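Colleague: Below is start_16.tsv; it holds TSV, C-alpha atoms.
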```
chain	number	residue	atom	x	y	z
V	638	MET	CA	55.37	55.20	88.86
V	639	GLU	CA	55.77	54.10	92.43
V	640	GLU	CA	56.21	56.70	95.12
V	641	PRO	CA	59.40	56.73	97.20
V	642	HIS	CA	59.03	54.47	100.20
V	643	ILE	CA	61.24	54.00	103.22
V	644	GLU	CA	60.87	50.63	104.82
V	645	GLU	CA	60.47	50.52	108.56
V	646	GLY	CA	63.30	49.38	110.74
V	647	HIS	CA	65.94	50.85	112.97
V	648	ASN	CA	68.85	50.09	110.65
V	649	GLN	CA	67.07	51.54	107.62
V	650	ASN	CA	66.23	54.78	109.42
V	651	LYS	CA	69.73	55.06	110.75
V	652	LEU	CA	71.15	54.74	107.21
V	653	LEU	CA	68.87	57.46	105.89
V	654	ASP	CA	70.05	59.85	108.61
V	655	VAL	CA	73.57	59.70	107.17
V	656	ALA	CA	74.32	62.82	105.14
V	657	PRO	CA	77.45	63.20	102.98
V	658	ALA	CA	79.71	66.18	103.59
V	659	LEU	CA	79.33	68.88	100.91
V	660	ILE	CA	81.61	71.61	99.58
V	661	SER	CA	81.11	74.66	97.34
V	662	VAL	CA	83.60	77.36	96.34
V	663	HIS	CA	82.79	80.94	95.32
V	664	PRO	CA	83.00	81.40	91.52
V	665	SER	CA	85.67	84.09	92.04
V	666	HIS	CA	87.42	82.12	94.80
V	667	LYS	CA	86.45	84.67	97.47
V	668	SER	CA	85.12	82.16	99.98
V	669	ILE	CA	84.39	78.48	100.44
V	670	ALA	CA	81.57	76.70	102.25
V	671	ALA	CA	81.33	73.17	103.58
V	672	THR	CA	78.65	71.25	105.44
V	673	VAL	CA	78.57	68.15	107.55
V	674	GLY	CA	75.25	67.25	109.12
V	675	SER	CA	73.46	70.45	110.12
V	676	ASP	CA	76.67	72.50	110.38
V	677	LEU	CA	77.28	75.13	107.69
V	678	ARG	CA	80.89	76.31	107.81
V	679	VAL	CA	82.26	79.18	105.71
V	680	PHE	CA	85.80	80.51	105.29
V	681	ASN	CA	86.82	83.84	103.71
V	682	LEU	CA	89.68	83.13	101.28
V	683	ILE	CA	90.41	86.83	100.73
V	684	ASP	CA	90.81	87.76	104.41
V	685	ASN	CA	92.05	84.29	105.37
V	686	SER	CA	89.56	84.13	108.22
V	687	PRO	CA	86.52	82.10	109.33
V	688	VAL	CA	83.11	83.62	108.60
V	689	THR	CA	80.42	84.21	111.22
V	690	LEU	CA	76.93	83.65	109.84
V	691	VAL	CA	74.18	86.09	110.85
V	692	ASP	CA	70.56	84.95	110.90
V	693	GLU	CA	68.00	87.32	112.41
V	694	SER	CA	64.95	85.32	111.36
V	695	ASN	CA	62.80	83.49	113.85
V	696	GLU	CA	64.28	80.24	112.58
V	697	SER	CA	67.66	79.13	113.88
V	698	PHE	CA	70.47	77.78	111.74
V	699	HIS	CA	69.80	74.42	110.14
V	700	LYS	CA	68.41	71.90	112.61
V	701	ASP	CA	68.87	68.79	110.47
V	702	SER	CA	71.24	67.53	107.79
V	703	VAL	CA	72.05	69.92	104.94
V	704	ARG	CA	71.55	68.15	101.59
V	705	ALA	CA	72.34	70.89	99.05
V	706	ILE	CA	74.41	74.09	98.91
V	707	ARG	CA	74.99	76.44	96.00
V	708	TYR	CA	76.61	79.80	95.17
V	709	SER	CA	74.80	81.79	92.51
V	710	ALA	CA	76.68	82.33	89.23
V	711	SER	CA	77.25	85.99	90.16
V	712	GLY	CA	78.72	85.02	93.52
V	713	LYS	CA	76.33	87.39	95.33
V	714	LEU	CA	74.06	84.74	96.81
V	715	PHE	CA	74.45	81.42	98.61
V	716	VAL	CA	71.69	78.91	99.31
V	717	SER	CA	71.62	76.06	101.83
V	718	THR	CA	68.82	73.56	102.40
V	719	GLY	CA	68.07	70.02	103.51
V	720	ASP	CA	66.22	67.72	105.87
V	721	ASP	CA	64.89	70.47	108.17
V	722	LYS	CA	62.70	71.69	105.25
V	723	LEU	CA	64.30	75.15	105.41
V	724	VAL	CA	65.71	76.90	102.35
V	725	LYS	CA	68.06	79.62	103.54
V	726	ILE	CA	69.23	82.35	101.16
V	727	TRP	CA	72.37	84.17	102.26
V	728	SER	CA	74.28	87.20	101.07
V	729	ALA	CA	77.65	85.78	100.04
V	730	GLU	CA	79.21	89.15	100.90
V	731	SER	CA	77.90	89.92	104.40
V	732	TRP	CA	76.84	86.32	105.15
V	733	ARG	CA	73.57	87.58	106.55
V	734	CYS	CA	70.51	85.40	105.97
V	735	LEU	CA	68.26	87.31	103.57
V	736	ASN	CA	65.31	84.96	103.54
V	737	THR	CA	64.18	81.62	104.97
V	738	ILE	CA	61.60	79.61	103.04
V	739	CYS	CA	59.76	76.75	104.70
V	740	SER	CA	59.27	73.75	102.42
V	741	GLU	CA	56.44	71.28	102.88
V	742	LYS	CA	58.82	68.34	102.43
V	743	ARG	CA	62.53	67.66	102.86
V	744	VAL	CA	64.64	69.33	100.18
V	745	THR	CA	67.09	67.41	97.97
V	746	ALA	CA	68.42	69.92	95.39
V	747	VAL	CA	68.66	73.66	94.70
V	748	ALA	CA	69.50	76.04	91.85
V	749	VAL	CA	69.69	79.82	91.39
V	750	SER	CA	68.79	81.62	88.16
V	751	HIS	CA	71.68	83.44	86.49
V	752	ASP	CA	70.16	86.88	87.13
V	753	ASP	CA	69.70	86.10	90.85
V	754	SER	CA	65.94	86.66	90.50
V	755	TYR	CA	64.76	83.15	91.35
V	756	VAL	CA	65.72	80.27	93.62
V	757	CYS	CA	64.39	76.83	92.71
V	758	TYR	CA	64.40	73.87	95.07
V	759	ALA	CA	63.22	70.27	94.78
V	760	ASP	CA	61.54	68.32	97.54
V	761	LYS	CA	61.70	64.62	98.29
V	762	PHE	CA	58.40	63.96	96.49
V	763	GLY	CA	59.69	65.24	93.17
V	764	VAL	CA	58.14	68.71	93.14
V	765	VAL	CA	60.29	71.67	92.07
V	766	TRP	CA	59.34	74.97	93.73
V	767	VAL	CA	60.32	78.51	92.73
V	768	VAL	CA	60.80	81.61	94.88
V	769	GLU	CA	60.99	85.12	93.43
V	770	LEU	CA	63.66	86.90	95.43
V	771	GLY	CA	62.50	90.44	94.71
V	772	GLY	CA	58.81	89.63	94.90
V	773	ILE	CA	56.19	90.21	97.53
V	774	THR	CA	55.54	86.52	98.15
V	775	LYS	CA	58.27	84.89	100.22
V	776	LYS	CA	56.93	81.36	99.79
V	777	GLY	CA	57.71	78.69	97.24
V	778	VAL	CA	55.32	78.20	94.33
V	779	PRO	CA	55.11	74.88	92.43
V	780	LEU	CA	57.05	75.05	89.16
V	781	LEU	CA	57.06	71.46	87.87
V	782	SER	CA	56.85	67.88	89.14
V	783	HIS	CA	58.55	64.52	88.61
V	784	TYR	CA	55.59	62.66	90.12
V	785	CYS	CA	56.95	61.16	93.32
V	786	SER	CA	60.48	60.50	92.04
V	787	ILE	CA	63.31	61.87	94.15
V	788	ILE	CA	65.06	64.71	92.32
V	789	THR	CA	68.81	64.43	92.78
V	790	SER	CA	70.09	67.49	90.91
V	791	LEU	CA	68.87	70.86	89.57
V	792	GLU	CA	70.70	73.05	87.08
V	793	PHE	CA	69.96	76.10	84.93
V	794	SER	CA	71.33	76.03	81.40
V	795	PRO	CA	74.14	78.57	80.79
V	796	ASP	CA	71.81	80.75	78.70
V	797	GLY	CA	69.09	80.60	81.36
V	798	ARG	CA	66.48	79.26	78.90
V	799	TYR	CA	66.03	75.89	80.58
V	800	ILE	CA	65.93	74.36	84.02
V	801	LEU	CA	67.12	70.76	84.17
V	802	SER	CA	66.07	68.23	86.79
V	803	ALA	CA	67.58	64.76	87.25
V	804	ASP	CA	65.92	62.03	89.27
V	805	ARG	CA	66.09	58.60	90.82
V	806	ASP	CA	64.16	57.07	87.94
V	807	PHE	CA	67.10	57.32	85.52
V	808	LYS	CA	65.91	60.38	83.60
V	809	ILE	CA	66.82	64.03	83.07
V	810	ARG	CA	64.04	66.47	82.22
V	811	VAL	CA	64.77	69.65	80.25
V	812	THR	CA	62.05	72.25	80.92
V	813	VAL	CA	61.70	75.69	79.37
V	814	PHE	CA	62.06	78.23	82.19
V	815	PRO	CA	59.06	80.52	81.63
V	816	GLU	CA	58.95	84.29	81.61
V	817	GLU	CA	56.43	84.07	84.46
V	818	PRO	CA	57.80	81.23	86.63
V	819	LEU	CA	55.21	81.75	89.35
V	820	GLN	CA	52.59	80.57	86.85
V	821	GLY	CA	54.38	77.23	86.48
V	822	ALA	CA	56.60	75.68	83.81
V	823	HIS	CA	54.47	73.80	81.29
V	824	GLU	CA	56.73	73.38	78.25
V	825	ILE	CA	59.09	70.41	78.21
V	826	GLN	CA	61.92	70.75	75.73
V	827	SER	CA	63.20	67.18	75.96
V	828	PHE	CA	64.01	64.19	78.11
V	829	CYS	CA	67.56	62.82	78.26
V	830	LEU	CA	67.03	59.06	78.50
V	831	GLY	CA	69.74	56.42	78.56
V	832	HIS	CA	70.99	55.90	82.11
V	833	THR	CA	70.11	52.51	83.57
V	834	GLU	CA	70.37	53.55	87.23
V	835	PHE	CA	69.60	56.68	89.25
V	836	VAL	CA	71.14	59.95	88.02
V	837	THR	CA	73.30	61.51	90.73
V	838	CYS	CA	74.66	64.74	89.24
V	839	ILE	CA	74.56	66.98	86.18
V	840	ALA	CA	76.78	69.82	84.94
V	841	PHE	CA	77.28	71.83	81.78
V	842	VAL	CA	80.52	71.81	79.83
V	843	SER	CA	81.38	74.42	77.22
V	844	ASN	CA	84.18	75.68	75.03
V	845	PRO	CA	84.74	79.41	74.32
V	846	GLU	CA	85.16	78.56	70.63
V	847	LEU	CA	81.67	77.03	70.44
V	848	THR	CA	78.37	78.78	71.03
V	849	GLN	CA	76.55	75.70	72.31
V	850	SER	CA	76.98	74.09	75.73
V	851	TYR	CA	76.44	70.40	76.37
V	852	LEU	CA	75.25	68.50	79.42
V	853	MET	CA	77.20	65.89	81.35
V	854	SER	CA	75.52	63.51	83.77
V	855	GLY	CA	76.76	60.96	86.30
V	856	SER	CA	74.86	57.93	87.52
V	857	GLY	CA	74.81	54.78	89.57
V	858	ASP	CA	75.28	52.82	86.33
V	859	SER	CA	79.07	53.43	86.24
V	860	THR	CA	78.85	55.99	83.43
V	861	VAL	CA	79.22	59.66	82.62
V	862	ARG	CA	77.14	60.66	79.60
V	863	LEU	CA	77.16	63.63	77.21
V	864	TRP	CA	73.88	65.10	75.95
V	865	ASP	CA	72.44	67.61	73.52
V	866	ILE	CA	69.63	69.06	75.65
V	867	ALA	CA	67.76	70.68	72.77
V	868	SER	CA	66.89	67.28	71.32
V	869	GLY	CA	67.62	65.05	74.33
V	870	SER	CA	70.09	63.10	72.17
V	871	LEU	CA	72.73	60.96	73.85
V	872	LEU	CA	76.04	61.90	72.23
V	873	ASP	CA	78.52	59.68	74.06
V	874	THR	CA	78.97	57.42	77.08
V	875	CYS	CA	82.12	57.06	79.16
V	876	GLU	CA	82.46	53.95	81.34
V	877	VAL	CA	84.31	54.74	84.56
V	878	SER	CA	84.00	51.40	86.38
V	879	THR	CA	86.98	49.85	84.59
V	880	VAL	CA	89.42	52.56	85.64
V	881	ALA	CA	88.13	52.86	89.20
V	882	GLY	CA	87.88	49.10	89.66
V	883	HIS	CA	91.33	48.44	88.25
V	884	LEU	CA	92.91	50.91	90.63
V	885	GLU	CA	90.92	49.88	93.68
V	886	SER	CA	90.82	46.12	93.35
V	887	ASN	CA	92.76	43.19	91.98
V	888	GLU	CA	89.57	41.29	91.23
V	889	SER	CA	89.09	40.39	87.60
V	890	GLU	CA	85.34	40.97	87.73
V	891	GLN	CA	84.50	44.65	88.13
V	892	THR	CA	81.41	45.74	90.00
V	893	GLN	CA	79.15	48.66	89.18
V	894	VAL	CA	80.20	51.99	90.71
V	895	THR	CA	78.39	55.25	91.39
V	896	VAL	CA	79.49	58.63	90.12
V	897	SER	CA	79.01	60.75	93.24
V	898	ASP	CA	79.81	64.20	91.81
V	899	LEU	CA	81.15	65.98	88.75
V	900	CYS	CA	81.97	69.54	87.78
V	901	ALA	CA	83.22	71.19	84.61
V	902	ILE	CA	86.35	73.32	84.54
V	903	PRO	CA	85.35	76.84	83.43
V	904	ASP	CA	86.21	77.83	79.85
V	905	SER	CA	87.61	74.43	79.00
V	906	SER	CA	86.43	71.07	77.74
V	907	LEU	CA	87.50	69.25	80.90
V	908	ALA	CA	85.50	67.92	83.82
V	909	ALA	CA	86.45	66.41	87.18
V	910	VAL	CA	84.59	63.29	88.33
V	911	ALA	CA	84.36	61.75	91.82
V	912	ILE	CA	83.40	58.09	92.24
V	913	GLN	CA	82.17	56.35	95.36
V	914	SER	CA	84.76	53.92	96.79
V	915	PHE	CA	87.55	55.42	94.64
V	916	GLN	CA	90.32	57.36	96.37
V	917	GLY	CA	90.93	59.92	93.66
V	918	ILE	CA	89.55	61.99	90.81
V	919	LEU	CA	89.04	61.22	87.13
V	920	LEU	CA	89.63	64.02	84.63
V	921	LEU	CA	87.43	63.70	81.54
V	922	SER	CA	88.09	65.41	78.24
V	923	CYS	CA	85.07	66.45	76.17
V	924	ASP	CA	85.63	66.91	72.47
V	925	LEU	CA	82.58	69.06	71.86
V	926	SER	CA	83.12	69.21	68.12
V	927	ALA	CA	83.24	65.43	67.79
V	928	HIS	CA	80.76	64.92	70.67
V	929	THR	CA	82.99	62.45	72.53
V	930	LEU	CA	84.05	61.81	76.13
V	931	SER	CA	87.31	60.20	77.22
V	932	ILE	CA	89.31	59.76	80.41
V	933	THR	CA	92.41	61.90	80.06
V	934	LYS	CA	93.90	61.63	83.54
V	935	VAL	CA	93.52	59.71	86.80
V	936	ILE	CA	94.63	61.57	89.93
V	937	GLN	CA	95.01	59.31	92.94
V	938	ILE	CA	95.05	60.84	96.41
V	939	PRO	CA	97.97	59.40	98.36
V	940	GLY	CA	98.14	58.46	102.01
V	941	GLU	CA	95.06	58.39	104.19
V	942	SER	CA	91.70	57.00	103.18
V	943	PHE	CA	90.03	59.89	101.34
V	944	ILE	CA	87.05	59.24	99.08
V	945	PRO	CA	85.44	62.51	97.92
V	946	THR	CA	81.74	62.91	98.68
V	947	SER	CA	81.56	66.34	97.04
V	948	ILE	CA	83.79	68.44	94.75
V	949	SER	CA	83.82	72.06	93.58
V	950	LEU	CA	85.95	74.01	91.13
V	951	SER	CA	87.18	77.59	90.94
V	952	THR	CA	89.51	78.42	88.05
V	953	SER	CA	91.94	75.46	88.02
V	954	THR	CA	91.74	74.59	91.73
V	955	LEU	CA	89.62	71.59	92.71
V	956	TRP	CA	88.29	71.50	96.27
V	957	MET	CA	87.18	68.14	97.66
V	958	VAL	CA	85.54	67.02	100.87
V	959	SER	CA	85.05	63.56	102.31
V	960	GLY	CA	82.90	62.75	105.30
V	961	ALA	CA	79.46	62.21	106.75
V	962	SER	CA	77.17	62.92	109.66
V	963	ASN	CA	74.91	60.47	111.46
V	964	GLY	CA	71.95	62.80	111.94
V	965	PRO	CA	71.25	66.27	113.38
V	966	ASN	CA	72.31	65.50	116.93
V	967	GLN	CA	75.32	63.37	116.11
V	968	PRO	CA	78.88	64.56	115.48
V	969	GLY	CA	79.93	64.88	111.85
V	970	TYR	CA	83.35	64.28	110.37
V	971	SER	CA	84.81	65.80	107.23
V	972	ARG	CA	88.19	66.07	105.59
V	973	VAL	CA	89.13	68.71	102.99
V	974	ARG	CA	91.74	68.20	100.27
V	975	VAL	CA	92.78	70.34	97.29
V	976	ILE	CA	94.21	69.61	93.84
V	977	SER	CA	95.97	72.57	92.22
V	978	CYS	CA	96.39	73.18	88.48
V	979	ILE	CA	94.03	70.30	87.76
V	980	ASP	CA	93.83	71.20	84.07
V	981	SER	CA	97.58	71.01	83.46
V	982	GLU	CA	100.43	68.50	83.61
V	983	LYS	CA	101.56	70.17	86.85
V	984	SER	CA	98.47	69.13	88.80
V	985	SER	CA	99.20	68.01	92.35
V	986	VAL	CA	97.39	67.10	95.56
V	987	LEU	CA	98.37	69.77	98.08
V	988	GLU	CA	99.58	69.03	101.58
V	989	ASP	CA	97.61	70.65	104.41
V	990	GLU	CA	100.09	73.49	104.86
V	991	GLN	CA	99.92	74.29	101.13
V	992	ILE	CA	96.14	74.66	100.98
V	993	PRO	CA	94.87	78.26	100.66
V	994	GLY	CA	93.98	79.30	104.19
V	995	GLY	CA	96.19	76.56	105.68
V	996	THR	CA	95.37	75.15	109.09
V	997	LYS	CA	92.97	78.02	109.88
V	998	LEU	CA	90.77	76.93	107.00
V	999	LEU	CA	90.99	73.26	107.94
V	1000	GLU	CA	90.08	73.97	111.55
V	1001	LYS	CA	87.00	75.89	110.39
V	1002	LEU	CA	85.76	73.56	107.65
V	1003	GLN	CA	86.71	70.26	109.31
V	1004	GLY	CA	86.04	71.24	112.92
V	1005	LYS	CA	89.62	70.31	113.76
V	1006	VAL	CA	92.87	70.07	111.84
V	1007	SER	CA	93.47	66.31	112.08
V	1008	ILE	CA	90.88	63.60	111.39
V	1009	GLU	CA	91.62	59.96	112.21
V	1010	GLU	CA	91.78	57.64	109.19
V	1011	SER	CA	89.52	55.04	110.82
V	1012	VAL	CA	86.81	57.68	111.19
V	1013	MET	CA	86.99	58.62	107.51
V	1014	ILE	CA	86.82	54.97	106.41
V	1015	ALA	CA	83.67	54.45	108.47
V	1016	ALA	CA	82.13	57.69	107.16
V	1017	SER	CA	82.77	56.74	103.52
V	1018	GLU	CA	81.15	53.34	103.96
V	1019	ALA	CA	78.15	54.90	105.71
V	1020	VAL	CA	77.61	57.36	102.84
V	1021	ARG	CA	77.81	54.58	100.24
V	1022	ALA	CA	75.25	52.46	102.08
V	1023	ALA	CA	72.95	55.42	102.73
V	1024	MET	CA	72.90	56.54	99.09
V	1025	SER	CA	72.13	53.02	97.89
V	1026	SER	CA	69.32	52.74	100.42
V	1027	LEU	CA	67.86	56.13	99.51
V	1028	LEU	CA	68.06	55.92	95.73
V	1029	MET	CA	67.62	52.26	94.81
V	1030	LYS	CA	63.99	51.47	94.11
V	1031	LYS	CA	62.52	48.95	96.53
V	1032	GLN	CA	61.08	45.66	95.27
V	1033	TYR	CA	57.79	44.44	96.76
V	1034	SER	CA	55.74	41.28	96.48
V	1035	GLU	CA	52.31	41.53	94.83
V	1036	GLU	CA	50.66	41.04	98.22
V	1037	LYS	CA	52.62	43.88	99.76
V	1038	ARG	CA	51.90	46.16	96.80
V	1039	GLU	CA	48.17	45.64	97.27
V	1040	PHE	CA	48.46	46.31	100.99
V	1041	ARG	CA	50.32	49.56	100.34
V	1042	LYS	CA	47.67	50.67	97.84
V	1043	ARG	CA	44.90	50.02	100.37
V	1044	SER	CA	46.73	51.77	103.21
V	1045	ARG	CA	47.77	54.92	101.32
V	1046	ASN	CA	46.44	58.08	102.97
V	1047	ASP	CA	46.61	60.30	99.87
V	1048	LYS	CA	43.99	58.53	97.73
V	1049	LYS	CA	41.27	60.62	96.17
V	1050	THR	CA	37.91	60.11	97.83
V	1051	THR	CA	34.50	60.41	96.26
V	1052	ASN	CA	31.40	61.76	97.90
```
Rewrite the structure from the file as structure tokens, please.

Modeller:
Amino acid sequence: MEEPHIEEGHNQNKLLDVAPALISVHPSHKSIAATVGSDLRVFNLIDNSPVTLVDESNESFHKDSVRAIRYSASGKLFVSTGDDKLVKIWSAESWRCLNTICSEKRVTAVAVSHDDSYVCYADKFGVVWVVELGGITKKGVPLLSHYCSIITSLEFSPDGRYILSADRDFKIRVTVFPEEPLQGAHEIQSFCLGHTEFVTCIAFVSNPELTQSYLMSGSGDSTVRLWDIASGSLLDTCEVSTVAGHLESNESEQTQVTVSDLCAIPDSSLAAVAIQSFQGILLLSCDLSAHTLSITKVIQIPGESFIPTSISLSTSTLWMVSGASNGPNQPGYSRVRVISCIDSEKSSVLEDEQIPGGTKLLEKLQGKVSIEESVMIAASEAVRAAMSSLLMKKQYSEEKREFRKRSRNDKKTTN
């Protein structure tokens, strides 16, 4: 398997500096966090006030683009990480930084165990590291590896038995999370194989009437897929390119689209799906008894150009953000929108004054209340190009392949 390689060139490097805006909401809707570039912005939804982060470590706040954020399932912890190789663990109550872990490589994904005992993070070379939060060692320890394939998403199974890792090479690995994680994870339960392009996101969907949860995955191959992780069996595939293409274009020939994010609605069989280049959200229904996926609703976002780069759910409220940053020292732009009652017939896209927190929240999370439409259009296009550049595997001539093999600096040497 070929290692990730970034071709030289000013335009290529500039694309890879682009980071999509991210959003994450507290599981009990107590606060909401958003990032654009290196800025981490948090708003308290209970007190209706912006949050001031406190970091007393020797390291400053993030110095480069944030690539992953996550609340723990309990809502007690929050983790942020990215291109500055720092994994910051915050108290989601006091918003004081509890620990800062230095990664050897840039970090692409993060997950927190359900008992808040472990934080796992994946670096750009496909290694997943684990940190024991109550332990003596404050450094990451290797847990598992995808062998030089960029890991795009990490997720613990609802019962905590497995840790799932999705990657650029079209696969999802289901690994048994060991009783002693610091000794490494050596038992693979299954591989979920079927996507024909990079996997972008994974999430679990469940129904209170059923004991088993199932995995949903989104990809650059225009599909959302449903899996049984115990066996790795593909249960169903939902094509989303037809719906998105029909709404966005009058062309008869539809092009392939990328699922940029998805999240399951708690205690239901519904999931929200965001698609690059599509100004709206798809609502998927999962019949977990019949093991089928279907599009049940298409919610278009009216008015300005708004293409979600990240989405997050709390109860029946869907939070969305659109935007990007052009590197650590460049200004970032983001726009926040909200869909209320997404799981009912009364779902609606809220106006700015109707959003919880109102203009105070928008000023905190966006940097300012109003964002020009032309800026958002440019940001959306930059994110699309950057993701394609980062995730699509490069093609090389035989001559160039041999040159790269000879010039590698990580080859084993013999005495």

Colleague: Counting all atoms listed in the file, which of V:Ser665, V:Gln991, V:Ser702, V:Ser1007 gets nearest to Gly969 (chain V)?

Modeller: V:Ser702

Colleague: Could you pull out every residue with an atom within 9 Å of (87.6, 70.0, 79.9), file coordinates, counting all atoms listed in the file, and send them as a PyMOL selection string?

Modeller: chain V and resi 842-844+901-909+920-924+980

Colleague: Please determine, counting all atoms listed in the file, which residue among V:Ser977, V:Val703, V:Leu930, V:Gly797 has the shortest atom-to-atom distance to Ile992 (chain V).

Modeller: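 So, comparing all the options, the nearest one is V:Ser977.
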
Colleague: Under the rule that all atoms listed in the file are counted, which of V:Ile866, V:Leu899, V:Leu735, V:Val655 is the nearest residue to Arg798 (chain V)?

Modeller: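 Ranking V:Ile866, V:Leu899, V:Leu735, V:Val655 by distance to Arg798 (chain V), first place goes to V:Ile866.
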
Colleague: Separation of CA of Gln916 (chain V) and CA of Gln937 (chain V), in Å?

Modeller: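 Straight-line distance from CA of Gln916 (chain V) to CA of Gln937 (chain V) works out to 6.1 Å.
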
Colleague: Using all atoms listed in the file, determine which residues lie at most 9 Å from Ser675 (chain V), disregarding the query and same-chain residues fewer than 3 positions distant; provide the list as a list in words.

Modeller: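 Answer for this query is Thr672, Phe698, His699, Lys700, Asp701, Ser702, Val703, Gly719, Asp720, Asp721, Ser962, Gly964, Pro965, Asn966 and Gly969 of chain V.
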
Colleague: Keeping only C-alpha atoms, write the selected residues to a file as an mmCIF file, in the coordinates of the input.

Modeller:
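So the final result, stored in again-v1.cif, reads:
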```
data_model
loop_
_atom_site.group_PDB
_atom_site.id
_atom_site.type_symbol
_atom_site.label_atom_id
_atom_site.label_comp_id
_atom_site.auth_asym_id
_atom_site.auth_seq_id
_atom_site.Cartn_x
_atom_site.Cartn_y
_atom_site.Cartn_z
ATOM 1 C CA THR V 672 78.650 71.250 105.440
ATOM 2 C CA PHE V 698 70.470 77.780 111.740
ATOM 3 C CA HIS V 699 69.800 74.420 110.140
ATOM 4 C CA LYS V 700 68.410 71.900 112.610
ATOM 5 C CA ASP V 701 68.870 68.790 110.470
ATOM 6 C CA SER V 702 71.240 67.530 107.790
ATOM 7 C CA VAL V 703 72.050 69.920 104.940
ATOM 8 C CA GLY V 719 68.070 70.020 103.510
ATOM 9 C CA ASP V 720 66.220 67.720 105.870
ATOM 10 C CA ASP V 721 64.890 70.470 108.170
ATOM 11 C CA SER V 962 77.170 62.920 109.660
ATOM 12 C CA GLY V 964 71.950 62.800 111.940
ATOM 13 C CA PRO V 965 71.250 66.270 113.380
ATOM 14 C CA ASN V 966 72.310 65.500 116.930
ATOM 15 C CA GLY V 969 79.930 64.880 111.850
#
```

Colleague: Would you pick out the contacts of Lys722 (chain V) at 12 Å or less, using all atoms listed in the file, so that residues sharing its chain but fewer than 2 positions from it are not included, and give the list as an NGL selection string?

Modeller: :V and (675 or 696 or 698-705 or 717-720 or 724-725 or 737-746 or 758-761 or 777)

Colleague: Separation of CA of Leu780 (chain V) and CA of Lys808 (chain V), in Å?

Modeller: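 These two atoms are separated by 18.0 Å.
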
Colleague: Ile976 (chain V): which residues within 8 Å, counting all atoms listed in the file, same-chain residues fewer than 3 positions away excluded, as an NGL selection string?

Modeller: :V and (954-956 or 979 or 984-987)

Colleague: Counting all atoms listed in the file, which residue out of V:Ala961, V:Leu950, V:Leu723, V:Ile918 sits closest to His663 (chain V)?

Modeller: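 Nearest candidate to His663 (chain V) out of V:Ala961, V:Leu950, V:Leu723, V:Ile918: V:Leu950.
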
Colleague: Quick one: residues within 9 Å of (54.4, 67.3, 91.3) (file frame), counting all atoms listed in the file, please, as a ChimeraX atom specification.

Modeller: /V:762-765,779-785
